[in-house]
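**Q** You'll find upload.txt just under this line, and it carries compact mmCIF, C-alpha atoms.
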```txt
# COMPACT_ATOMS: atom_id res chain seq x y z
CA MET A 27 177.83 41.19 -45.04
CA ALA A 28 180.81 43.44 -44.34
CA ALA A 29 183.27 40.54 -44.78
CA LYS A 30 181.73 39.61 -48.12
CA ARG A 31 181.99 43.20 -49.24
CA GLU A 32 185.69 43.18 -48.46
CA TYR A 33 186.14 39.91 -50.37
CA TYR A 34 184.27 41.47 -53.26
CA PHE A 35 186.61 44.44 -53.52
CA ASP A 36 189.72 42.35 -52.87
CA ASN A 37 188.62 40.13 -55.76
CA ALA A 38 188.22 43.23 -57.90
CA LYS A 39 191.67 44.56 -57.07
CA PHE A 40 193.38 41.24 -57.77
CA ILE A 41 191.67 40.75 -61.13
CA LEU A 42 192.33 44.36 -62.12
CA ILE A 43 196.02 44.30 -61.20
CA PHE A 44 196.36 41.05 -63.14
CA LEU A 45 194.83 42.83 -66.14
CA VAL A 46 197.25 45.73 -65.68
CA VAL A 47 200.20 43.32 -65.87
CA PHE A 48 198.64 41.40 -68.76
CA GLY A 49 197.91 44.57 -70.68
CA HIS A 50 201.51 45.70 -70.35
CA PHE A 51 202.76 42.28 -71.50
CA ILE A 52 200.70 42.25 -74.70
CA GLN A 53 201.16 45.91 -75.68
CA PRO A 54 204.19 45.30 -77.97
CA PHE A 55 202.14 42.89 -80.11
CA ILE A 56 199.03 44.95 -80.79
CA ASP A 57 200.14 46.32 -84.15
CA ASP A 58 200.90 42.88 -85.59
CA HIS A 59 197.92 40.88 -84.37
CA LYS A 60 194.31 41.99 -84.71
CA ILE A 61 192.98 39.80 -81.90
CA ILE A 62 195.66 41.10 -79.52
CA MET A 63 194.73 44.65 -80.46
CA THR A 64 191.09 43.81 -79.74
CA ILE A 65 191.92 42.33 -76.33
CA TYR A 66 194.12 45.32 -75.54
CA HIS A 67 191.42 47.84 -76.39
CA PHE A 68 188.84 45.83 -74.47
CA VAL A 69 190.97 45.57 -71.32
CA TYR A 70 192.11 49.19 -71.40
CA SER A 71 188.53 50.40 -71.71
CA PHE A 72 187.73 49.38 -68.15
CA HIS A 73 190.64 48.04 -66.08
CA MET A 74 192.02 51.42 -64.93
CA PRO A 75 188.56 53.07 -64.79
CA ALA A 76 187.40 50.22 -62.53
CA PHE A 77 190.55 50.56 -60.40
CA ILE A 78 190.06 54.32 -60.13
CA LEU A 79 186.38 53.95 -59.25
CA VAL A 80 187.10 51.58 -56.36
CA SER A 81 189.86 53.94 -55.18
CA GLY A 82 187.28 56.71 -55.01
CA TYR A 83 184.86 54.43 -53.16
CA PHE A 84 187.41 53.98 -50.38
CA ALA A 85 188.24 57.71 -50.17
CA LYS A 86 185.16 58.57 -48.12
CA GLY A 87 187.26 59.39 -45.08
CA PHE A 88 189.18 62.19 -46.81
CA LYS A 89 188.00 64.77 -44.23
CA LYS A 90 189.44 62.85 -41.30
CA GLU A 91 192.30 64.50 -39.47
CA GLY A 92 195.65 63.48 -40.93
CA TYR A 93 194.12 61.77 -43.98
CA ILE A 94 195.90 63.87 -46.60
CA LYS A 95 199.21 63.69 -44.74
CA LYS A 96 198.89 59.91 -44.54
CA THR A 97 197.93 59.72 -48.22
CA ALA A 98 200.89 61.88 -49.23
CA LYS A 99 203.26 59.62 -47.30
CA LYS A 100 201.68 56.53 -48.84
CA LEU A 101 201.78 57.80 -52.43
CA LEU A 102 204.22 60.67 -53.00
CA ILE A 103 207.25 59.34 -51.15
CA PRO A 104 207.13 55.94 -52.92
CA TYR A 105 206.58 57.86 -56.16
CA LEU A 106 209.82 59.82 -55.73
CA ILE A 107 211.73 56.70 -54.66
CA PHE A 108 210.58 54.65 -57.63
CA GLN A 109 210.90 57.57 -60.02
CA LEU A 110 214.59 57.59 -59.17
CA ILE A 111 214.96 53.80 -59.25
CA TYR A 112 213.22 53.50 -62.62
CA THR A 113 215.31 56.36 -64.02
CA ILE A 114 218.50 54.50 -63.10
CA TYR A 115 217.07 51.18 -64.31
CA TYR A 116 216.11 52.58 -67.72
CA TYR A 117 219.52 54.23 -68.04
CA PHE A 118 221.27 50.87 -67.84
CA LEU A 119 218.57 48.89 -69.66
CA TYR A 120 218.58 51.16 -72.71
CA ASN A 121 222.27 52.13 -72.55
CA GLY A 122 221.46 55.77 -71.94
CA GLN A 123 223.90 58.55 -72.71
CA SER A 124 223.01 60.66 -69.69
CA LEU A 125 221.25 60.05 -66.40
CA LEU A 126 218.45 62.60 -66.02
CA PHE A 127 216.12 62.51 -63.03
CA GLU A 128 212.83 64.27 -63.78
CA PRO A 129 210.62 64.23 -60.66
CA PHE A 130 207.72 66.00 -62.41
CA ASN A 131 207.57 63.73 -65.47
CA PRO A 132 206.30 60.36 -64.20
CA GLN A 133 208.08 57.28 -65.45
CA TRP A 134 205.62 55.02 -67.24
CA SER A 135 202.96 53.68 -64.79
CA LEU A 136 204.01 55.89 -61.87
CA TRP A 137 201.49 58.50 -63.05
CA PHE A 138 198.82 56.72 -61.01
CA LEU A 139 200.45 57.65 -57.68
CA ILE A 140 200.49 61.36 -58.44
CA SER A 141 196.97 61.33 -59.86
CA LEU A 142 195.59 59.32 -56.94
CA PHE A 143 196.97 61.85 -54.49
CA CYS A 144 195.54 64.74 -56.51
CA TRP A 145 192.12 63.06 -56.73
CA ASN A 146 191.95 62.81 -52.95
CA VAL A 147 192.82 66.49 -52.61
CA MET A 148 190.34 67.50 -55.32
CA LEU A 149 187.51 65.96 -53.30
CA TYR A 150 187.70 68.93 -50.92
CA GLY A 151 186.55 71.27 -53.65
CA TYR A 152 184.23 69.11 -55.73
CA THR A 153 182.23 67.71 -52.82
CA LYS A 154 181.18 71.20 -51.81
CA LEU A 155 178.84 71.07 -54.81
CA PRO A 156 175.72 68.89 -55.09
CA MET A 157 176.58 65.47 -56.48
CA LYS A 158 175.12 66.00 -59.97
CA TRP A 159 176.90 69.31 -60.41
CA SER A 160 180.24 68.05 -59.14
CA LEU A 161 180.10 65.07 -61.51
CA ALA A 162 179.06 67.32 -64.39
CA LEU A 163 181.93 69.72 -63.64
CA ALA A 164 184.41 66.84 -63.46
CA VAL A 165 183.30 65.60 -66.88
CA ILE A 166 183.42 69.10 -68.38
CA VAL A 167 186.97 69.60 -67.09
CA GLY A 168 187.98 66.11 -68.24
CA VAL A 169 186.69 66.87 -71.72
CA GLY A 170 188.00 70.43 -71.79
CA VAL A 171 191.56 69.63 -70.77
CA GLY A 172 192.05 67.78 -74.04
CA TYR A 173 191.91 71.09 -75.88
CA ILE A 174 195.03 72.34 -74.07
CA PRO A 175 198.01 71.06 -76.09
CA PHE A 176 200.66 71.31 -73.37
CA VAL A 177 198.67 69.43 -70.70
CA GLU A 178 199.82 65.85 -71.14
CA ASN A 179 202.28 63.80 -69.07
CA TYR A 180 203.83 66.57 -66.97
CA LEU A 181 202.80 65.91 -63.35
CA SER A 182 200.26 63.49 -64.86
CA LEU A 183 197.97 66.48 -65.34
CA SER A 184 196.03 65.10 -68.30
CA ARG A 185 195.27 61.75 -66.69
CA THR A 186 194.44 63.44 -63.39
CA PHE A 187 191.66 65.51 -64.96
CA VAL A 188 190.54 62.93 -67.53
CA PHE A 189 190.08 60.09 -65.03
CA PHE A 190 188.83 62.14 -62.08
CA PRO A 191 185.13 61.66 -63.02
CA LEU A 192 185.60 57.91 -62.40
CA PHE A 193 187.19 58.56 -59.01
CA LEU A 194 184.42 60.99 -58.05
CA LEU A 195 181.75 58.55 -59.22
CA GLY A 196 183.33 55.88 -57.03
CA PHE A 197 183.32 58.29 -54.09
CA TYR A 198 179.56 58.80 -54.48
CA CYS A 199 178.87 55.07 -54.87
CA LYS A 200 177.31 53.27 -51.93
CA LYS A 201 177.29 49.65 -50.93
CA GLU A 202 173.69 49.32 -52.12
CA HIS A 203 174.73 50.26 -55.65
CA PHE A 204 177.11 47.31 -55.87
CA ILE A 205 174.53 44.98 -54.34
CA ALA A 206 172.01 46.06 -56.98
CA LEU A 207 174.48 45.09 -59.71
CA LYS A 208 174.34 41.44 -58.59
CA ARG A 209 170.74 40.99 -59.75
CA PRO A 210 170.53 38.19 -62.37
CA ALA A 211 168.98 40.42 -65.02
CA VAL A 212 171.79 42.98 -64.62
CA GLN A 213 174.43 40.26 -64.81
CA VAL A 214 172.98 38.80 -68.01
CA GLY A 215 172.82 42.26 -69.54
CA SER A 216 176.40 42.94 -68.44
CA ALA A 217 177.71 39.78 -70.08
CA ILE A 218 175.92 40.60 -73.35
CA LEU A 219 177.18 44.18 -73.23
CA LEU A 220 180.81 43.16 -72.72
CA LEU A 221 180.61 40.65 -75.55
CA ALA A 222 179.10 43.27 -77.86
CA ILE A 223 181.85 45.79 -77.05
CA PHE A 224 184.55 43.16 -77.60
CA ILE A 225 183.10 42.34 -81.03
CA GLY A 226 182.82 46.04 -81.79
CA TYR A 227 186.50 46.59 -81.05
CA TYR A 228 187.39 43.66 -83.30
CA PHE A 229 185.73 45.36 -86.25
CA VAL A 230 187.28 48.75 -85.45
CA PRO A 231 190.96 47.82 -85.09
CA ASP A 232 192.16 51.28 -86.16
CA PHE A 233 190.76 52.91 -83.02
CA ASN A 234 193.54 55.05 -81.54
CA THR A 235 194.67 53.55 -78.24
CA GLY A 236 195.61 57.02 -77.02
CA TRP A 237 191.96 57.75 -76.26
CA LEU A 238 191.99 55.04 -73.60
CA LEU A 239 195.19 56.22 -71.93
CA GLY A 240 193.92 59.72 -71.12
CA SER A 241 197.39 61.21 -71.43
CA LYS A 242 197.22 62.93 -74.81
CA SER A 243 195.72 66.20 -76.01
CA TYR A 244 193.28 66.23 -78.91
CA GLU A 245 195.95 67.91 -81.01
CA THR A 246 198.33 65.01 -80.41
CA LEU A 247 195.53 62.59 -81.27
CA SER A 248 194.81 64.58 -84.45
CA GLN A 249 191.21 65.23 -83.44
CA GLU A 250 191.05 68.92 -82.50
CA ASN A 251 187.47 69.22 -83.78
CA LEU A 252 185.80 65.98 -82.62
CA GLY A 253 188.02 65.38 -79.60
CA GLY A 254 185.41 66.35 -77.01
CA LEU A 255 182.73 64.10 -78.51
CA ILE A 256 185.12 61.15 -78.76
CA ARG A 257 186.16 61.60 -75.12
CA LEU A 258 182.52 61.65 -74.05
CA ALA A 259 181.98 58.40 -75.98
CA VAL A 260 185.02 56.87 -74.29
CA TYR A 261 183.64 57.96 -70.90
CA ALA A 262 180.36 56.22 -71.71
CA ILE A 263 182.07 53.01 -72.78
CA SER A 264 184.39 52.99 -69.76
CA ILE A 265 181.56 53.57 -67.29
CA VAL A 266 179.23 50.91 -68.68
CA MET A 267 182.08 48.40 -68.90
CA THR A 268 183.12 49.20 -65.33
CA ILE A 269 179.55 48.67 -64.16
CA ALA A 270 179.39 45.40 -66.09
CA PHE A 271 182.68 44.28 -64.54
CA TYR A 272 181.45 44.87 -61.00
CA SER A 273 178.18 43.15 -61.84
CA LEU A 274 179.96 39.95 -62.89
CA LEU A 275 182.63 40.13 -60.17
CA PRO A 276 182.50 37.22 -57.67
CA LYS A 277 181.77 38.29 -54.10
CA ASN A 278 182.92 35.25 -52.13
CA LYS A 279 186.39 34.41 -50.89
CA TYR A 280 188.64 32.49 -53.26
CA PHE A 281 192.26 31.36 -53.32
CA PHE A 282 193.29 34.64 -54.96
CA THR A 283 191.23 37.00 -52.78
CA SER A 284 193.92 37.82 -50.21
CA TRP A 285 196.36 38.78 -52.96
CA GLY A 286 194.05 41.65 -53.80
CA THR A 287 195.29 43.45 -50.67
CA HIS A 288 198.82 43.88 -52.05
CA THR A 289 198.19 45.49 -55.43
CA LEU A 290 200.48 48.47 -54.81
CA TYR A 291 203.47 46.13 -54.71
CA VAL A 292 202.51 44.57 -58.02
CA TYR A 293 201.83 47.94 -59.60
CA LEU A 294 205.16 49.46 -58.60
CA LEU A 295 207.37 46.44 -59.24
CA HIS A 296 206.03 44.75 -62.38
CA GLY A 297 207.48 47.47 -64.61
CA PHE A 298 211.02 46.15 -64.06
CA VAL A 299 210.05 42.79 -65.55
CA ILE A 300 207.86 44.23 -68.31
CA LYS A 301 210.52 46.66 -69.54
CA TYR A 302 213.18 43.92 -69.48
CA PHE A 303 210.84 41.63 -71.42
CA ARG A 304 210.19 44.30 -74.05
CA ASN A 305 213.93 44.74 -74.49
CA SER A 306 214.71 41.01 -74.76
CA GLU A 307 214.75 38.38 -77.49
CA TRP A 308 211.64 36.82 -75.96
CA LEU A 309 209.60 39.51 -77.65
CA ASP A 310 210.47 38.17 -81.12
CA VAL A 311 210.15 34.56 -80.03
CA ILE A 312 206.58 35.01 -78.83
CA ASN A 313 205.64 37.29 -81.71
CA ASP A 314 206.89 34.79 -84.29
CA SER A 315 205.33 31.77 -82.59
CA GLY A 316 202.00 33.46 -81.86
CA ASN A 317 201.89 31.61 -78.55
CA PHE A 318 200.29 34.43 -76.59
CA ALA A 319 198.71 32.12 -74.05
CA ILE A 320 202.08 32.07 -72.34
CA LEU A 321 201.63 35.75 -71.57
CA VAL A 322 198.48 34.99 -69.59
CA ILE A 323 200.44 32.49 -67.50
CA ALA A 324 203.39 34.87 -67.17
CA SER A 325 201.05 37.66 -66.03
CA LEU A 326 199.48 35.45 -63.38
CA ILE A 327 202.82 34.17 -62.11
CA LEU A 328 204.29 37.67 -61.95
CA THR A 329 201.22 39.02 -60.14
CA LEU A 330 201.40 36.23 -57.56
CA LEU A 331 205.16 36.52 -57.16
CA LEU A 332 205.07 40.25 -56.53
CA SER A 333 202.23 39.73 -54.03
CA SER A 334 204.24 37.15 -52.07
CA LYS A 335 205.38 37.77 -48.53
CA THR A 336 209.04 37.39 -49.52
CA ILE A 337 208.92 40.14 -52.14
CA ARG A 338 206.88 42.35 -49.84
CA ALA A 339 209.37 41.89 -47.03
CA ILE A 340 212.24 42.90 -49.30
CA THR A 341 210.52 45.93 -50.82
CA GLN A 342 208.34 47.12 -47.94
CA PRO A 343 210.91 49.70 -46.76
CA LEU A 344 210.71 51.35 -50.21
CA ILE A 345 206.95 51.05 -50.72
CA GLU A 346 205.47 51.39 -47.23
CA LEU A 347 208.52 52.94 -45.54
CA ARG A 348 208.47 50.32 -42.78
CA ILE A 349 209.74 46.79 -42.03
CA SER A 350 206.85 45.19 -40.18
CA ILE A 351 206.86 42.04 -42.35
CA ILE A 352 210.54 41.39 -41.57
CA LYS A 353 209.92 41.96 -37.87
CA ARG A 354 207.04 39.49 -37.87
CA PHE A 355 209.20 36.94 -39.65
CA PHE A 356 211.96 37.09 -37.04
CA ARG A 357 209.44 37.15 -34.17
CA VAL A 358 207.79 33.97 -35.44
CA LYS A 359 211.21 32.37 -35.94
CA GLN A 360 212.25 33.21 -32.38
CA GLU A 361 209.00 31.92 -30.96
CA GLY A 362 209.56 28.70 -32.88
CA TYR A 363 212.77 28.14 -30.94
```
As a first step, turn the structure in this file into structure tokens.
**A**
Amino acid sequence: MAAKREYYFDNAKFILIFLVVFGHFIQPFIDDHKIIMTIYHFVYSFHMPAFILVSGYFAKGFKKEGYIKKTAKKLLIPYLIFQLIYTIYYYFLYNGQSLLFEPFNPQWSLWFLISLFCWNVMLYGYTKLPMKWSLALAVIVGVGVGYIPFVENYLSLSRTFVFFPLFLLGFYCKKEHFIALKRPAVQVGSAILLLAIFIGYYFVPDFNTGWLLGSKSYETLSQENLGGLIRLAVYAISIVMTIAFYSLLPKNKYFFTSWGTHTLYVYLLHGFVIKYFRNSEWLDVINDSGNFAILVIASLILTLLLSSKTIRAITQPLIELRISIIKRFFRVKQEGY
């Protein structure tokens, strides 16, 4: 049962990181194509919430000695390294006038590393409360932070507080909860629910994507009065879609399962390709042709490529701060002789 559980979550991580890449590929086309906007809204309603929830599920050992130190090394050092690399990359890609390194203003998708570290630390305080009160407090803070205009991308503060309820919910989840989601009646209901939400998004194309990103204040989203209610509605949609996703998620081992163990590599590296793509002539070619199926294939290929042993061996010193893959390669080669 334990092995199947691991396959289950590895499947989840692979599918979700594929959706992250796919979502970033299609983002430039959402304003020109209604169906792409619908797909984008649909994917963004659950792919990061589901990723954050499973991250919380695996944070149950946060009180172990050395856990926070290990987490800081795993997340904050790669963050600073890639913050610098992306800063230099963007400077040349966009022909920048000055090279400015801002360690406290996360470049694009790097926000997740800072927030993930903060979520682990925040568990020390929130778990001192009973579960229902800690979850309620997390939601109240997540809703309330939207009323503070200056809390947005700096140190990923907005996303940290907005998405923390999903992380905390994942922390409180048990194996039995995921098993219960596999009941046939729940799966049928989940499929119907996802279809209904997809159709709903199609008929509400003007929905502001900023609500799904969690990085903007209500003032920026021009909803100072109804902001709290809209965020609560987004929470509800994200949670039910995340539950539906895990209900329909396959639990056995497949050809893609093992790739789900290398999602950090994909997450940190795919931005180089995505940003180059958005700055290339391919953007107009695909937009004019309407051949968006190629982006599904490109997303899959890029996800698999960045999960490969070769790419991991090259980038492991930057991401994991070690070279074990290279050592294993040469050891196997020597033993072959």
**Q** Could you jot down the CA of Val292 (chain A) to CA of Leu139 (chain A) separation for me, Å, one decimal place?
**A**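 Separation between CA of Val292 (chain A) and CA of Leu139 (chain A): 13.2 Å.
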**Q** From the options A:Val322, A:Leu330, A:Leu119, A:Ile166, which residue's atoms come nearest to Ser284 (chain A), counting all atoms listed in the file?
**A**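 With all atoms listed in the file as the atom set, the closest residue is A:Leu330.
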**Q** Name the closest residue to Tyr117 (chain A) among the candidates A:Ile94, A:Leu331, A:Lys301, A:Lys39; distances are taken between atoms, counting only C-alpha atoms.
**A**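 Closest to Tyr117 (chain A), using only C-alpha atoms: A:Lys301.
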**Q** Could you jot down the CA of Thr283 (chain A) to CA of Ala262 (chain A) separation for me, Å, one decimal place?
**A**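 Separation between CA of Thr283 (chain A) and CA of Ala262 (chain A): 29.1 Å.
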**Q** Using all atoms listed in the file, can you tell me which of A:Leu347, A:Ile41, A:Leu142, A:Val171 comes closest to Phe187 (chain A)?
**A** A:Val171
**Q** Figure out the distance between CA of Ser141 (chain A) and CA of Trp285 (chain A), please, to one decimal in Å.
**A** 23.6 Å
**Q** For a quick check of understanding, using only C-alpha atoms, which of A:Val47, A:Leu239, A:Val167, A:Phe298 has the smallest distance to Thr113 (chain A)?
**A**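 Using only C-alpha atoms, Thr113 (chain A) sits closest to A:Phe298.
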**Q** Skipping near chain neighbours, those fewer than 5 positions away, what residues fall within 8 Å of region 265-280 of chain A using only C-alpha atoms, listed as JSON, numbers by chain?
**A** {"A": [30, 31, 33, 34, 35, 37, 38, 71, 72, 73, 75, 76, 192, 204, 207, 208, 212, 213, 216, 217, 219, 220]}
**Q** Just checking: using all atoms listed in the file, which residue out of A:Phe68, A:Trp237, A:Trp137, A:Tyr173 ends up closest to Leu101 (chain A)?
**A**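 Result for the nearest residue to Leu101 (chain A): A:Trp137.
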**Q** Taking only C-alpha atoms into account, produce a table as a Markdown table in which each residue of region 64-124 of chain A with an atom at most 9 Å from an atom of region 145-162 of chain A appears once, together with its shortest atom pair and the distance in Å to one decimal, ordered by chain and rising number.
**A**
```
| residue | atom | partner | partner_atom | distance |
| --- | --- | --- | --- | --- |
| A:Gly82 | CA | A:Asn146 | CA | 8.0 |
| A:Ala85 | CA | A:Asn146 | CA | 6.9 |
| A:Phe88 | CA | A:Asn146 | CA | 6.8 |
| A:Lys89 | CA | A:Tyr150 | CA | 7.9 |
| A:Ile94 | CA | A:Val147 | CA | 7.2 |
| A:Thr97 | CA | A:Asn146 | CA | 8.2 |
```
**Q** Tell me which of A:Tyr120, A:Trp134, A:Trp308, A:Phe84 sits closest to His50 (chain A), counting all atoms listed in the file.
**A**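 Smallest separation from His50 (chain A) among the options: A:Trp134.
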**Q** Skip region 177-183 of chain A itself and residues of its chain fewer than 2 positions away, then list as a list in words all residues within 7 Å of it, counting all atoms listed in the file.
**A**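 Non-adjacent residues within range: Phe130, Asn131, Pro132, Trp137, Ile140, Ser141, Ile174, Pro175, Arg185, Thr186, Phe187, Ser241, Lys242 and Ser243 of chain A.
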**Q** List the spatial neighbours of Pro54 (chain A) as a list in words - criterion: any atom at most 12 Å away, only C-alpha atoms, same-chain residues fewer than 3 positions off excluded.
**A** Phe48, Gly49, His50, Phe51, Asp57, Asp58, His59, Ile62, Met63, Tyr66, Ile300, Lys301, Phe303, Arg304, Asn305, Ser306, Trp308, Leu309, Asp310, Ile312, Asn313, Phe318 and Leu321 of chain A
**Q** Can you tell me which residues surround Leu258 (chain A) at a distance of at most 10 Å, considering all atoms listed in the file, apart from same-chain residues fewer than 3 positions away, and format the answer as a list in words?
**A**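 After dropping sequence-adjacent residues, the list is Val165, Ile166, Gly168, Val169, Gly253, Gly254, Leu255, Tyr261, Ala262, Ile263 and Ser264 of chain A.
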